[in-house]
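Structure file structure.cif (mmCIF, C-alpha atoms) follows.
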data_work
loop_
_atom_site.group_PDB
_atom_site.id
_atom_site.type_symbol
_atom_site.label_atom_id
_atom_site.label_comp_id
_atom_site.auth_asym_id
_atom_site.auth_seq_id
_atom_site.Cartn_x
_atom_site.Cartn_y
_atom_site.Cartn_z
ATOM 1 C CA MET A 1 168.288 137.431 171.787
ATOM 2 C CA SER A 2 165.315 135.271 170.845
ATOM 3 C CA ASP A 3 161.870 135.717 172.347
ATOM 4 C CA ASN A 4 160.169 132.508 171.259
ATOM 5 C CA ARG A 5 156.762 131.693 172.683
ATOM 6 C CA LEU A 6 154.309 128.809 172.661
ATOM 7 C CA TYR A 7 150.621 129.260 173.469
ATOM 8 C CA LEU A 8 148.896 126.156 174.863
ATOM 9 C CA TYR A 9 145.111 126.112 175.135
ATOM 10 C CA ILE A 10 142.194 123.698 175.439
ATOM 11 C CA MET A 11 140.024 123.544 172.347
ATOM 12 C CA GLY A 12 136.236 123.887 172.162
ATOM 13 C CA SER A 13 133.908 121.073 173.174
ATOM 14 C CA LYS A 14 132.659 120.559 169.603
ATOM 15 C CA ASN A 15 136.015 119.017 168.754
ATOM 16 C CA LYS A 16 136.394 115.284 169.223
ATOM 17 C CA GLU A 17 138.820 113.348 171.372
ATOM 18 C CA ASP A 18 141.248 112.779 168.519
ATOM 19 C CA ARG A 19 140.272 115.124 165.673
ATOM 20 C CA ILE A 20 139.458 118.754 164.955
ATOM 21 C CA SER A 21 135.908 119.336 163.748
ATOM 22 C CA THR A 22 135.529 123.106 164.216
ATOM 23 C CA ALA A 23 136.480 125.928 161.846
ATOM 24 C CA VAL A 24 139.265 127.262 164.069
ATOM 25 C CA PRO A 25 141.988 126.402 163.370
ATOM 26 C CA TYR A 26 141.377 125.577 159.712
ATOM 27 C CA LYS A 27 143.624 123.356 157.630
ATOM 28 C CA ILE A 28 144.039 124.956 154.209
ATOM 29 C CA ASN A 29 146.445 122.299 152.978
ATOM 30 C CA GLU A 30 149.310 120.168 154.275
ATOM 31 C CA GLU A 31 151.557 123.216 154.629
ATOM 32 C CA GLU A 32 149.263 125.993 155.848
ATOM 33 C CA LEU A 33 146.700 126.621 158.595
ATOM 34 C CA PHE A 34 144.442 129.633 159.114
ATOM 35 C CA PHE A 35 143.619 130.703 162.668
ATOM 36 C CA GLY A 36 140.750 133.098 163.066
ATOM 37 C CA PRO A 37 138.664 134.379 164.700
ATOM 38 C CA CYS A 38 140.849 134.898 167.731
ATOM 39 C CA ASN A 39 138.354 135.946 170.419
ATOM 40 C CA GLU A 40 138.536 136.609 174.147
ATOM 41 C CA GLU A 41 138.903 132.929 175.047
ATOM 42 C CA PHE A 42 142.295 132.804 173.362
ATOM 43 C CA LEU A 43 144.913 135.557 173.489
ATOM 44 C CA GLY A 44 142.221 138.231 173.675
ATOM 45 C CA GLY A 45 143.139 139.163 170.120
ATOM 46 C CA ASP A 46 146.086 141.063 171.545
ATOM 47 C CA ARG A 47 147.890 142.120 168.370
ATOM 48 C CA GLU A 48 150.532 144.093 170.272
ATOM 49 C CA LYS A 49 151.754 140.960 172.036
ATOM 50 C CA LEU A 50 151.714 138.931 168.837
ATOM 51 C CA ASP A 51 153.398 141.321 166.404
ATOM 52 C CA LEU A 52 156.397 139.676 164.797
ATOM 53 C CA ASP A 53 158.578 142.773 164.991
ATOM 54 C CA ASN A 54 161.576 140.760 166.161
ATOM 55 C CA SER A 55 163.203 138.688 163.424
ATOM 56 C CA ASN A 56 164.406 136.213 166.060
ATOM 57 C CA LYS A 57 160.909 135.681 167.469
ATOM 58 C CA GLU A 58 158.981 132.512 166.707
ATOM 59 C CA ILE A 59 155.424 132.004 167.975
ATOM 60 C CA TYR A 60 153.745 128.604 168.134
ATOM 61 C CA ILE A 61 150.210 127.542 169.041
ATOM 62 C CA ALA A 62 149.182 124.078 170.228
ATOM 63 C CA GLY A 63 145.638 122.886 170.925
ATOM 64 C CA ILE A 64 144.628 120.264 173.504
ATOM 65 C CA ASN A 65 141.492 118.153 173.048
ATOM 66 C CA PRO A 66 138.414 119.025 175.182
ATOM 67 C CA SER A 67 138.241 118.032 178.832
ATOM 68 C CA TYR A 68 136.146 114.914 178.236
ATOM 69 C CA GLY A 69 138.995 113.423 176.228
ATOM 70 C CA LYS A 70 140.931 110.707 178.066
ATOM 71 C CA PRO A 71 143.822 110.560 177.658
ATOM 72 C CA ARG A 72 144.455 114.191 176.761
ATOM 73 C CA LYS A 73 146.132 114.833 173.437
ATOM 74 C CA PHE A 74 147.558 117.614 171.326
ATOM 75 C CA LEU A 75 145.419 117.929 168.199
ATOM 76 C CA PHE A 76 147.519 120.455 166.308
ATOM 77 C CA LEU A 77 150.683 122.512 166.401
ATOM 78 C CA GLY A 78 151.347 125.494 164.167
ATOM 79 C CA LYS A 79 153.954 128.200 163.811
ATOM 80 C CA ILE A 80 152.631 131.696 163.135
ATOM 81 C CA LYS A 81 153.675 132.921 159.720
ATOM 82 C CA THR A 82 151.669 136.111 159.126
ATOM 83 C CA ILE A 83 149.483 138.136 161.486
ATOM 84 C CA PHE A 84 146.486 139.792 159.834
ATOM 85 C CA SER A 85 143.528 141.968 160.577
ATOM 86 C CA PHE A 86 140.449 140.457 158.926
ATOM 87 C CA LYS A 87 140.734 143.173 156.288
ATOM 88 C CA THR A 88 144.308 142.273 155.353
ATOM 89 C CA ALA A 89 143.486 138.551 155.578
ATOM 90 C CA TRP A 90 140.604 139.020 153.135
ATOM 91 C CA GLU A 91 142.843 140.926 150.724
ATOM 92 C CA HIS A 92 145.648 138.370 151.062
ATOM 93 C CA TYR A 93 143.505 135.315 150.391
ATOM 94 C CA GLN A 94 141.415 136.971 147.669
ATOM 95 C CA ASP A 95 144.642 137.554 145.745
ATOM 96 C CA ARG A 96 145.430 133.842 145.757
ATOM 97 C CA ASN A 97 143.826 131.569 143.189
ATOM 98 C CA ASP A 98 144.432 128.269 145.008
ATOM 99 C CA LEU A 99 141.443 125.936 145.008
ATOM 100 C CA ASP A 100 142.086 125.250 148.712
ATOM 101 C CA ILE A 101 141.684 128.961 149.475
ATOM 102 C CA LYS A 102 138.488 129.227 147.439
ATOM 103 C CA LEU A 103 137.029 126.277 149.345
ATOM 104 C CA MET A 104 137.868 127.904 152.687
ATOM 105 C CA ILE A 105 136.229 131.187 151.678
ATOM 106 C CA LYS A 106 133.073 129.488 150.364
ATOM 107 C CA ARG A 107 132.493 127.249 153.378
ATOM 108 C CA LYS A 108 129.238 127.772 155.263
ATOM 109 C CA TYR A 109 131.212 128.135 158.496
ATOM 110 C CA SER A 110 134.282 129.739 156.951
ATOM 111 C CA PRO A 111 136.726 131.097 159.562
ATOM 112 C CA LEU A 112 137.296 134.065 157.234
ATOM 113 C CA HIS A 113 133.888 135.223 158.381
ATOM 114 C CA LEU A 114 134.280 138.996 158.073
ATOM 115 C CA LYS A 115 134.433 140.887 154.785
ATOM 116 C CA PRO A 116 135.826 144.433 154.814
ATOM 117 C CA ILE A 117 133.514 147.281 153.868
ATOM 118 C CA PRO A 118 134.157 151.046 154.099
ATOM 119 C CA GLU A 119 134.890 151.848 157.765
ATOM 120 C CA GLY A 120 134.172 148.344 159.020
ATOM 121 C CA TYR A 121 133.082 144.763 158.340
ATOM 122 C CA LYS A 122 130.166 142.653 157.172
ATOM 123 C CA HIS A 123 129.621 139.251 158.782
ATOM 124 C CA ARG A 124 129.441 136.842 155.845
ATOM 125 C CA THR A 125 129.291 133.236 157.167
ATOM 126 C CA LYS A 126 127.623 131.282 159.952
ATOM 127 C CA GLU A 127 130.851 131.070 161.962
ATOM 128 C CA HIS A 128 130.299 132.666 165.392
ATOM 129 C CA SER A 129 126.934 133.925 164.161
ATOM 130 C CA GLY A 130 125.808 134.806 167.681
ATOM 131 C CA LYS A 131 128.991 136.413 168.970
ATOM 132 C CA TRP A 132 131.103 137.593 166.048
ATOM 133 C CA ILE A 133 131.254 141.148 167.426
ATOM 134 C CA GLU A 134 133.421 139.792 170.254
ATOM 135 C CA ASP A 135 135.900 138.529 167.662
ATOM 136 C CA ILE A 136 137.008 142.054 166.779
ATOM 137 C CA THR A 137 136.248 144.200 169.832
ATOM 138 C CA SER A 138 136.070 143.946 173.612
ATOM 139 C CA GLN A 139 133.572 146.822 173.655
ATOM 140 C CA LYS A 140 129.812 146.340 173.807
ATOM 141 C CA PRO A 141 128.395 148.624 171.096
ATOM 142 C CA SER A 142 125.332 150.645 172.079
ATOM 143 C CA ASN A 143 123.629 149.467 168.873
ATOM 144 C CA GLU A 144 124.607 145.807 169.328
ATOM 145 C CA LYS A 145 121.169 144.410 168.407
ATOM 146 C CA GLU A 146 121.121 146.410 165.191
ATOM 147 C CA ILE A 147 124.643 145.228 164.327
ATOM 148 C CA TYR A 148 123.679 141.577 164.755
ATOM 149 C CA ARG A 149 120.467 142.124 162.794
ATOM 150 C CA ASN A 150 122.212 143.790 159.838
ATOM 151 C CA GLY A 151 125.509 141.920 160.085
ATOM 152 C CA ILE A 152 127.449 145.168 159.690
ATOM 153 C CA ILE A 153 129.785 146.939 162.121
ATOM 154 C CA THR A 154 131.778 150.151 161.608
ATOM 155 C CA ASN A 155 134.666 151.754 163.439
ATOM 156 C CA LYS A 156 132.789 155.029 163.928
ATOM 157 C CA GLU A 157 131.790 154.037 167.460
ATOM 158 C CA THR A 158 133.791 150.858 168.009
ATOM 159 C CA ILE A 159 137.527 150.237 168.345
ATOM 160 C CA PHE A 160 138.530 146.949 166.703
ATOM 161 C CA ASN A 161 141.091 145.979 169.343
ATOM 162 C CA ARG A 162 140.549 142.238 168.771
ATOM 163 C CA ASP A 163 140.806 142.391 164.995
ATOM 164 C CA CYS A 164 143.352 139.602 164.773
ATOM 165 C CA CYS A 165 143.809 136.388 162.811
ATOM 166 C CA PHE A 166 146.821 134.680 161.272
ATOM 167 C CA SER A 167 148.259 132.078 158.956
ATOM 168 C CA MET A 168 150.471 129.328 160.342
ATOM 169 C CA ASP A 169 152.905 126.738 159.112
ATOM 170 C CA ASN A 170 151.314 123.343 159.731
ATOM 171 C CA ILE A 171 153.529 121.169 161.936
ATOM 172 C CA PHE A 172 150.784 118.619 162.571
ATOM 173 C CA PHE A 173 146.991 118.703 162.449
ATOM 174 C CA SER A 174 144.517 115.957 163.323
ATOM 175 C CA LEU A 175 141.696 116.214 160.809
ATOM 176 C CA LYS A 176 140.672 112.560 160.837
ATOM 177 C CA GLY A 177 142.260 111.328 164.040
ATOM 178 C CA ASP A 178 145.412 110.508 162.112
ATOM 179 C CA HIS A 179 147.792 112.992 163.746
ATOM 180 C CA VAL A 180 147.524 113.179 167.528
ATOM 181 C CA ILE A 181 150.179 113.261 170.218
ATOM 182 C CA LYS A 182 149.334 111.928 173.654
ATOM 183 C CA ILE A 183 150.188 114.156 176.603
ATOM 184 C CA ASP A 184 152.547 112.131 178.778
ATOM 185 C CA LYS A 185 154.548 112.837 181.940
ATOM 186 C CA GLN A 186 157.290 114.691 180.052
ATOM 187 C CA PHE A 187 154.765 117.186 178.711
ATOM 188 C CA ILE A 188 153.083 117.485 182.121
ATOM 189 C CA ASP A 189 156.424 118.258 183.788
ATOM 190 C CA LEU A 190 157.013 121.009 181.233
ATOM 191 C CA ILE A 191 153.493 122.391 181.745
ATOM 192 C CA LYS A 192 154.003 122.427 185.527
ATOM 193 C CA LYS A 193 157.233 124.329 185.041
ATOM 194 C CA GLY A 194 155.403 126.853 182.883
ATOM 195 C CA MET A 195 152.633 127.180 185.481
ATOM 196 C CA LYS A 196 155.170 128.120 188.151
ATOM 197 C CA LYS A 197 156.865 130.676 185.921
ATOM 198 C CA THR A 198 153.569 132.365 185.014
ATOM 199 C CA GLY A 199 152.236 132.652 188.572
ATOM 200 C CA ASN A 200 149.752 129.781 188.339
ATOM 201 C CA GLN A 201 151.293 127.720 191.131
ATOM 202 C CA LYS A 202 147.910 127.135 192.797
ATOM 203 C CA ARG A 203 146.621 125.253 189.759
ATOM 204 C CA ILE A 204 149.252 122.555 190.174
ATOM 205 C CA GLU A 205 148.965 122.362 193.962
ATOM 206 C CA THR A 206 145.171 122.033 194.261
ATOM 207 C CA HIS A 207 143.692 118.526 194.502
ATOM 208 C CA ILE A 208 146.265 116.234 192.837
ATOM 209 C CA GLY A 209 147.728 118.914 190.567
ATOM 210 C CA SER A 210 148.333 118.698 186.828
ATOM 211 C CA ASP A 211 148.242 115.228 185.325
ATOM 212 C CA GLU A 212 147.655 113.498 181.984
ATOM 213 C CA THR A 213 143.871 114.010 182.200
ATOM 214 C CA ALA A 214 143.977 117.572 183.591
ATOM 215 C CA PRO A 215 147.063 119.281 182.132
ATOM 216 C CA PHE A 216 146.042 122.672 183.561
ATOM 217 C CA GLY A 217 145.199 121.230 186.976
ATOM 218 C CA TYR A 218 142.066 120.831 189.090
ATOM 219 C CA CYS A 219 139.656 123.182 190.813
ATOM 220 C CA GLU A 220 139.126 122.866 194.566
ATOM 221 C CA ASN A 221 135.983 120.793 193.966
ATOM 222 C CA GLY A 222 137.988 118.268 191.952
ATOM 223 C CA THR A 223 136.768 119.238 188.480
ATOM 224 C CA ARG A 224 139.319 119.760 185.731
ATOM 225 C CA TYR A 225 140.214 123.218 184.527
ATOM 226 C CA GLY A 226 139.026 123.569 180.944
ATOM 227 C CA ARG A 227 138.708 126.406 178.468
ATOM 228 C CA GLY A 228 139.395 130.062 179.104
ATOM 229 C CA PHE A 229 143.051 129.716 180.077
ATOM 230 C CA THR A 230 146.157 129.949 177.909
ATOM 231 C CA LEU A 231 149.575 128.853 179.139
ATOM 232 C CA ILE A 232 152.516 130.669 177.576
ATOM 233 C CA LEU A 233 155.871 128.903 177.441
ATOM 234 C CA LYS A 234 158.968 130.896 176.533
ATOM 235 C CA ASN A 235 162.422 130.399 175.039
ATOM 236 C CA ASN A 236 164.125 127.253 176.430
ATOM 237 C CA ASP A 237 160.785 125.746 177.434
ATOM 238 C CA VAL A 238 159.574 126.222 173.856
ATOM 239 C CA ASP A 239 162.684 124.456 172.572
ATOM 240 C CA LYS A 240 162.044 121.562 174.960
ATOM 241 C CA PHE A 241 158.403 121.288 173.879
ATOM 242 C CA LEU A 242 159.362 121.231 170.196
ATOM 243 C CA GLU A 243 162.000 118.600 170.916
ATOM 244 C CA LEU A 244 159.411 116.387 172.621
ATOM 245 C CA ILE A 245 157.022 116.849 169.698
ATOM 246 C CA ASP A 246 159.736 116.071 167.175
ATOM 247 C CA ASN A 247 160.607 112.864 169.032
ATOM 248 C CA LYS A 248 156.943 111.807 168.942
ATOM 249 C CA ILE A 249 156.525 112.599 165.250
ATOM 250 C CA ASN A 250 159.773 111.001 164.154
#

For this file, produce the structure as structure tokens.
Amino acid sequence: MSDNRLYLYIMGSKNKEDRISTAVPYKINEEELFFGPCNEEFLGGDREKLDLDNSNKEIYIAGINPSYGKPRKFLFLGKIKTIFSFKTAWEHYQDRNDLDIKLMIKRKYSPLHLKPIPEGYKHRTKEHSGKWIEDITSQKPSNEKEIYRNGIITNKETIFNRDCCFSMDNIFFSLKGDHVIKIDKQFIDLIKKGMKKTGNQKRIETHIGSDETAPFGYCENGTRYGRGFTLILKNNDVDKFLELIDNKIN
């Protein structure tokens, strides 16, 4: 029996209405995306829930443009290919000689921002420079200031329970505003269905409920729900979402 899942989330405010301008997710080439760091605002870096231990399991991730975007759009869709720790990601990409990979690693804000060292990591880029500790652990280290000052963290005192990033097959990705899919009523109906199944009924009942400008619904004061929430669709609902996407692309 399959256990397919789709994670829907609202992307950071630095992204534009119709294009991705942040380092996460990162488009390596037309076929491959890299998603990392995966911090507490998305999935919580929960490796146990993401592990592809079931050969029939497919996991997809789709990003929605920030809340100021009208109409709301999907900016990318990817299918998880390999789940890494930052250590195994570093080893994997260092072994590849592709120019695209070298460019990703050398970027000032490279999403591969942690380099493995004995018993831990060194922060090596400007990506998440003020909160990179949160990318690999939910703990608050007692020597946090020293860690940020030196850019080095070890697992002697800290459990790396959020040490999670992954490569994805690129289904579509809007780098220059050239690949976007508008969220219409069919998508909203599917999102509402997912809200009910995941116990988020109140989100679609408050104010006017989910619509094309507030896919995750409204707060009681009328403002749109934004970041910090991930909707998980499963099995048949994933198939329906992919069918809608395929119809839009083709």

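One distance worth recording is that between CA of Ile10 (chain A) and CA of Ile101 (chain A), which is 26.5 Å.
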
### Task
List every protein, DNA or RNA residue with an atom no more than 12 Å from (122.8, 144.2, 166.6) in the file's coordinates, counting all atoms listed in the file, and format the result as a ChimeraX atom specification.
/A:123,129-133,140-154

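The residues returned by the PyMOL selection byres ((chain A and resi 225) around 9) for this structure are Ser67, Arg203, Ala214, Pro215, Phe216, Gly217, Tyr218, Cys219, Thr223, Arg224, Gly226, Arg227, Gly228 and Phe229 of chain A.
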
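Each of A:Leu103, A:Leu8, A:Ile136, A:Ile171 was compared to Glu32 (chain A) using all atoms listed in the file, and A:Ile171 turns out to be the nearest.
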
#### Entry: Spatial neighbours of Ala23 (chain A), 12 Å, all atoms listed in the file, chain gap at least 5 places, as a list in words
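Once the nearby chain positions are removed, what remains is Met11, Gly12, Lys14, Asn15, Ile28, Leu33, Phe34, Phe35, Gly36, Pro37, Cys38, Met104, Ile105, Arg107, Lys108, Tyr109, Ser110, Pro111, Leu112, His113, Thr125, Lys126, Glu127, His128 and Leu175 of chain A.
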
### Query
From the list A:Leu6, A:Leu233, A:Ile20, A:Ile208, which residue is nearest Pro66 (chain A) when using only C-alpha atoms?
A:Ile20

### Message
Once the PyMOL selection byres ((chain A and resi 190) around 10) is applied to the coordinates I shared, what remains selected? I want it as a list in words.
### Response
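Residues picked by the PyMOL selection byres ((chain A and resi 190) around 10): Lys185, Gln186, Phe187, Ile188, Asp189, Ile191, Lys192, Lys193, Gly194, Met195, Leu233, Asp237, Val238, Lys240 and Phe241 of chain A.
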
#### Entry: Best match for closeness to Lys73 (chain A) among A:Ile181, A:Ile204, A:Leu242, A:Cys164, counting all atoms listed in the file
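Checking each of A:Ile181, A:Ile204, A:Leu242, A:Cys164 against Lys73 (chain A), counting all atoms listed in the file, the winner is A:Ile181.
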
### Message
Just the number, please: distance in Å from CA of His179 (chain A) to CA of Lys248 (chain A), one decimal.
### Response
10.6 Å

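With all atoms listed in the file as the basis for measurement, A:Ile232 is the residue among A:Leu75, A:Ile232, A:Met168, A:Ile249 that approaches Thr198 (chain A) most closely.
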
### Message
Given only C-alpha atoms as the basis, pick out the residue of A:Tyr9, A:Ser210, A:Ser174, A:Gly120 nearest to Ile159 (chain A).
### Response
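Closest to Ile159 (chain A) of all the choices is A:Gly120.
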
### Query
Using all atoms listed in the file, which residues sit within 8 Å of Pro116 (chain A) once same-chain residues fewer than 6 positions away are excluded, as a ChimeraX atom specification?
/A:86-87,90,122

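In this structure, CA of Arg162 (chain A) sits 22.6 Å away from CA of Ser13 (chain A).
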
### Query
Pick from A:Asn247, A:Asn29, A:Thr213, A:Asn221: nearest to Pro71 (chain A), with all atoms listed in the file counted?
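Using all atoms listed in the file, the shortest distance to Pro71 (chain A) belongs to A:Thr213.
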
### Gly78 (chain A) surroundings by only C-alpha atoms, 7 Å radius, close-in-sequence under 3 positions cut, as JSON, numbers by chain
{"A": [60, 61, 62, 168, 169, 170, 171]}

Tell me, as a PDB file with C-alpha atoms, keeping the file's coordinate frame, which residues lie within 9 Å of Gly177 (chain A), counting all atoms listed in the file; anything in the same chain fewer than 4 positions away does not count.
ATOM      1  CA  LYS A  16     136.394 115.284 169.223  1.00  0.00           C
ATOM      2  CA  GLU A  17     138.820 113.348 171.372  1.00  0.00           C
ATOM      3  CA  ASP A  18     141.248 112.779 168.519  1.00  0.00           C
ATOM      4  CA  ARG A  19     140.272 115.124 165.673  1.00  0.00           C
ATOM      5  CA  ILE A  20     139.458 118.754 164.955  1.00  0.00           C
ATOM      6  CA  LEU A  75     145.419 117.929 168.199  1.00  0.00           C
ATOM      7  CA  PHE A 173     146.991 118.703 162.449  1.00  0.00           C
TER       8      PHE A 173
END

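The set of residues that the PyMOL selection byres ((chain A and resi 84) around 8) takes from this file is A:Thr82, A:Ile83, A:Ser85, A:Phe86, A:Lys87, A:Thr88, A:Ala89, A:Cys164, A:Cys165, A:Phe166, A:Ser167.
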
Could the centre and edge lengths of an axis-aligned box, enclosing all atoms of region 179-189 of chain A in the file with 6 Å extra on each side, be given in Å to one decimal as AutoDock Vina command-line options?
--center_x 152.4 --center_y 115.1 --center_z 173.8 --size_x 21.8 --size_y 18.3 --size_z 32.0
